[in-house]
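**Student:** Shown below is the structure under consideration.
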Amino acid sequence: MSSENKEEILHENEENKAQDVQQADAESQSDAVEIEDSEDELAKYKADLEKEKDKFLRLFAEFENYKRRTSKERVEMFKTAGQEVMQAMLPVLDDFDRAMTEIQKAKDKNLQKGVELISNKLRETLKAKGLKQMEVKTGDAFDADLHEAITQIPAPKDSLKGKIVDVVENGYQLGEKIIRYPKVVVGQ
């Protein structure tokens with residue numbers, strides 16, 4: 001081989017190496033751009049994932065609150081439905097009280113026992129459902145939170161001033177809630 005050929009081959013090798021280096025630089029730059037793009041994409045996906053997680057947690061909490069609220073509303077509905085029925089029965093109890101007062105004046109004891117039996121049966125049934133009569137009697141202190149004053153009259157005795165003189169209508173509670181306040185006359 002001649003020296004010219006050797007030089008030519010060396011020159012070609014150097015050119016090939018330069019091209020390889022340039023090609024490698026171009027590839028590494030394109031790889032760097034791809035890596036940068038991938039990192040940007042990954043960051044975007046991570047941000048989207050966090051948004052979706054947050055949305056999921058909020059929806060889950062909202063659903064849990066919804067379940068709790070509807071459960072509570074259902075319990076309240078059953079209580080108020082029972083309350084309406086009980087309130088509708090109160091005039092019947094008042095009528096039984098008036099009937100018992102009048103029947104005691106009559107001489108027919110069998111009639112009195114029959115009405116008393118029906119009255120007691122009704123009262124026991126309502127009591128089993130949570131209805132209880134409020135205990136209010138003459139001489140009790142008047143409390144605006146527990147009693148409804150329908151009128152005030154001069155107190156027959158000094159000891160009855162500011163106290164209950166007469167109970168006009170009984171009050172009732174359903175559980176701990178007052179569904180009808182006792183109607184009373186208060187002494188001045």
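Note on naming: chains are A, B, ... as they come in the structure tokens, residues start from 1 per chain, ligands start from 1 in the order shown.
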With a distance cut-off of 9 Å and only C-alpha atoms, select the neighbouring residues of Asp158 in chain A, excluding the residue or stretch itself and same-chain residues fewer than 3 positions from it, and output the selection as number ranges by chain.
**Tutor:** A: 155, 161, 187-188
**Student:** Per DSSP on the backbone, filter range 154-183 of chain A down to the residues in strand (DSSP E) and report them as a VMD selection string.
**Tutor:** chain A and resid 164 to 169 172 to 174 177 to 180 183
**Student:** Just the selected residues (C-alpha atoms), exported as a tab-separated table (two decimals), in the first residue's frame, please.
**Tutor:**
```
chain	number	residue	atom	x	y	z
A	164	ILE	CA	-100.84	26.88	88.76
A	165	VAL	CA	-104.43	27.30	89.96
A	166	ASP	CA	-106.10	24.92	87.47
A	167	VAL	CA	-105.11	22.49	84.71
A	168	VAL	CA	-107.45	22.98	81.74
A	169	GLU	CA	-105.84	20.46	79.38
A	172	TYR	CA	-98.00	15.09	76.70
A	173	GLN	CA	-94.46	14.10	75.80
A	174	LEU	CA	-93.31	11.72	73.10
A	177	LYS	CA	-90.03	15.99	73.31
A	178	ILE	CA	-93.14	17.85	74.46
A	179	ILE	CA	-95.79	17.46	71.76
A	180	ARG	CA	-98.52	19.34	73.64
A	183	LYS	CA	-102.80	24.41	79.37
```
**Student:** DSSP on the backbone, helix (DSSP H, G or I) only: what residues of range 84-169 of chain A does that give? Format it as a short mmCIF file (atom, residue, chain, number, x, y, z; two decimals) with N, CA and C atoms, in the first residue's frame.
**Tutor:**
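See out_9.cif below for the written result:
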```cif
data_model
loop_
_atom_site.label_atom_id
_atom_site.label_comp_id
_atom_site.auth_asym_id
_atom_site.auth_seq_id
_atom_site.Cartn_x
_atom_site.Cartn_y
_atom_site.Cartn_z
N GLU A 84 -97.12 12.79 64.71
CA GLU A 84 -98.38 13.24 64.12
C GLU A 84 -99.54 12.33 64.54
N VAL A 85 -99.30 11.03 64.55
CA VAL A 85 -100.34 10.09 64.96
C VAL A 85 -100.69 10.31 66.43
N MET A 86 -99.68 10.48 67.26
CA MET A 86 -99.91 10.71 68.70
C MET A 86 -100.68 12.00 68.92
N GLN A 87 -100.31 13.06 68.19
CA GLN A 87 -101.02 14.33 68.35
C GLN A 87 -102.48 14.19 67.93
N ALA A 88 -102.73 13.38 66.92
CA ALA A 88 -104.11 13.16 66.49
C ALA A 88 -104.91 12.38 67.54
N MET A 89 -104.23 11.58 68.37
CA MET A 89 -104.90 10.79 69.39
C MET A 89 -105.19 11.58 70.68
N LEU A 90 -104.51 12.71 70.87
CA LEU A 90 -104.68 13.47 72.12
C LEU A 90 -106.12 13.93 72.36
N PRO A 91 -106.84 14.42 71.35
CA PRO A 91 -108.25 14.78 71.61
C PRO A 91 -109.10 13.59 72.06
N VAL A 92 -108.75 12.39 71.59
CA VAL A 92 -109.48 11.19 72.01
C VAL A 92 -109.24 10.95 73.50
N LEU A 93 -107.99 11.11 73.94
CA LEU A 93 -107.68 10.96 75.36
C LEU A 93 -108.43 12.00 76.19
N ASP A 94 -108.49 13.24 75.67
CA ASP A 94 -109.24 14.29 76.38
C ASP A 94 -110.72 13.92 76.50
N ASP A 95 -111.27 13.36 75.42
CA ASP A 95 -112.68 12.94 75.45
C ASP A 95 -112.89 11.83 76.47
N PHE A 96 -111.96 10.90 76.56
CA PHE A 96 -112.06 9.84 77.57
C PHE A 96 -112.03 10.44 78.98
N ASP A 97 -111.17 11.43 79.21
CA ASP A 97 -111.11 12.08 80.53
C ASP A 97 -112.45 12.73 80.87
N ARG A 98 -113.03 13.43 79.89
CA ARG A 98 -114.33 14.08 80.13
C ARG A 98 -115.43 13.03 80.34
N ALA A 99 -115.38 11.96 79.57
CA ALA A 99 -116.38 10.89 79.70
C ALA A 99 -116.27 10.24 81.08
N MET A 100 -115.05 10.00 81.55
CA MET A 100 -114.87 9.39 82.87
C MET A 100 -115.43 10.29 83.97
N THR A 101 -115.22 11.60 83.83
CA THR A 101 -115.74 12.53 84.83
C THR A 101 -117.27 12.46 84.87
N GLU A 102 -117.90 12.41 83.71
CA GLU A 102 -119.36 12.38 83.65
C GLU A 102 -119.92 11.02 84.06
N ILE A 103 -119.26 9.95 83.67
CA ILE A 103 -119.75 8.60 83.99
C ILE A 103 -119.70 8.34 85.49
N LYS A 109 -122.49 1.34 87.09
CA LYS A 109 -121.08 1.02 87.35
C LYS A 109 -120.48 0.15 86.24
N ASN A 110 -121.30 -0.67 85.57
CA ASN A 110 -120.79 -1.49 84.47
C ASN A 110 -120.34 -0.62 83.30
N LEU A 111 -121.11 0.42 83.01
CA LEU A 111 -120.74 1.36 81.95
C LEU A 111 -119.42 2.05 82.32
N GLN A 112 -119.32 2.45 83.58
CA GLN A 112 -118.10 3.12 84.06
C GLN A 112 -116.90 2.18 83.90
N LYS A 113 -117.06 0.91 84.30
CA LYS A 113 -115.96 -0.05 84.18
C LYS A 113 -115.59 -0.30 82.71
N GLY A 114 -116.57 -0.37 81.84
CA GLY A 114 -116.31 -0.60 80.40
C GLY A 114 -115.52 0.54 79.78
N VAL A 115 -115.96 1.77 80.04
CA VAL A 115 -115.26 2.94 79.48
C VAL A 115 -113.86 3.04 80.09
N GLU A 116 -113.74 2.75 81.37
CA GLU A 116 -112.44 2.80 82.06
C GLU A 116 -111.48 1.78 81.44
N LEU A 117 -112.00 0.58 81.15
CA LEU A 117 -111.18 -0.46 80.54
C LEU A 117 -110.66 -0.04 79.17
N ILE A 118 -111.54 0.53 78.34
CA ILE A 118 -111.13 0.98 77.00
C ILE A 118 -110.12 2.12 77.12
N SER A 119 -110.38 3.04 78.01
CA SER A 119 -109.48 4.18 78.22
C SER A 119 -108.09 3.70 78.65
N ASN A 120 -108.06 2.78 79.61
CA ASN A 120 -106.77 2.26 80.09
C ASN A 120 -106.01 1.51 78.99
N LYS A 121 -106.76 0.74 78.19
CA LYS A 121 -106.13 0.00 77.11
C LYS A 121 -105.50 0.95 76.09
N LEU A 122 -106.22 2.00 75.74
CA LEU A 122 -105.69 2.99 74.80
C LEU A 122 -104.47 3.70 75.39
N ARG A 123 -104.56 4.09 76.63
CA ARG A 123 -103.44 4.79 77.28
C ARG A 123 -102.20 3.89 77.37
N GLU A 124 -102.38 2.62 77.70
CA GLU A 124 -101.24 1.70 77.79
C GLU A 124 -100.59 1.47 76.42
N THR A 125 -101.42 1.38 75.39
CA THR A 125 -100.89 1.20 74.04
C THR A 125 -100.06 2.41 73.63
N LEU A 126 -100.58 3.61 73.89
CA LEU A 126 -99.85 4.83 73.54
C LEU A 126 -98.60 5.00 74.40
N LYS A 127 -98.70 4.57 75.65
CA LYS A 127 -97.53 4.64 76.54
C LYS A 127 -96.42 3.72 76.04
N ALA A 128 -96.81 2.55 75.53
CA ALA A 128 -95.82 1.62 74.98
C ALA A 128 -95.12 2.20 73.75
N ASP A 158 -102.84 33.36 98.91
CA ASP A 158 -101.53 33.97 98.67
C ASP A 158 -100.49 32.93 98.25
N SER A 159 -100.65 31.71 98.73
CA SER A 159 -99.68 30.66 98.42
C SER A 159 -99.74 30.25 96.94
N LEU A 160 -100.81 30.62 96.21
CA LEU A 160 -100.95 30.25 94.81
C LEU A 160 -100.53 31.36 93.84
#
```
**Student:** Would you work out the distance separating CA of Gln133 in chain A from CA of Phe78 in chain A, expressed in Å to one decimal?
**Tutor:**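 Between CA of Gln133 in chain A and CA of Phe78 in chain A the gap works out to 20.9 Å.
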**Student:** Work out how far apart CA of Arg68 in chain A and CA of Lys51 in chain A are and give it in Å to one decimal.
**Tutor:**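 For CA of Arg68 in chain A relative to CA of Lys51 in chain A, the distance reads 25.8 Å.
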**Student:** For Ile150 in chain A, which residue among A:Tyr45, A:Tyr181, A:Phe56, A:Phe63 is the nearest when counting only C-alpha atoms?
**Tutor:**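 For Ile150 in chain A, the nearest of the given residues is A:Tyr181.
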